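*Asks:* Provided herewith is a single structure, encoded as C-alpha cells, for subsequent inquiry.
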Amino acid sequence: MRPFKKLLGSRKFWVSVITAVATVVTYYRDAELAKMLSVVGMTLVAGIGLEDFSKAKTAYEYED
C-alpha cells in the first residue's frame, strides 16, 4: 500500500494524468491544439523528473 500512496503524492503522476485527460478532451475540438498540449505536458514531466534527479543527486553527495 505504501508505493501506491507514494505514487498518488507524486507531482509527475498528477501532471501526467491531467495532461492525458486534457489532451483527450482537447483532441475532439482541435487536433493540433491537442498535440501542442501533449508536448507541453511531456516537457513538464521531464522537467519535474530532472528536478527530482538533481535533488536526489545533491542529497546523495552530501550524505555522510
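Going by the C-alpha cells order, chains are called A, B, ..., each with residues numbered from 1, while ligands are numbered from 1 in the order shown.
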List as CSV every residue of segment 2-23 of chain A that is in contact with segment 36-40 of chain A, defined as an atom at most 8 Å from one of its atoms (using only C-alpha atoms), together with the nearest atom pair and the distance in Å rounded to one decimal, sorted by chain and then rising number.
*Replies:*
residue,atom,partner,partner_atom,distance
A:Thr19,CA,A:Ser38,CA,6.4
A:Ala20,CA,A:Ser38,CA,7.3
A:Ala22,CA,A:Leu37,CA,7.8
A:Thr23,CA,A:Ser38,CA,6.1
*Asks:* Quick one: residues within 10 Å of segment 9-11 of chain A, only C-alpha atoms counted, chain neighbours fewer than 3 positions away excluded, as a PyMOL selection string?
*Replies:* chain A and resi 3-6+14-17+44-45+48-49
*Asks:* Quick check, in Å to one decimal: how far apart do atom CA of Ala31 of chain A and atom CA of Ile18 of chain A lie?
*Replies:* 17.2 Å
*Asks:* One decimal, in Å: what's the spacing between atom CA of Leu50 of chain A and atom CA of Lys12 of chain A?
*Replies:* 10.8 Å
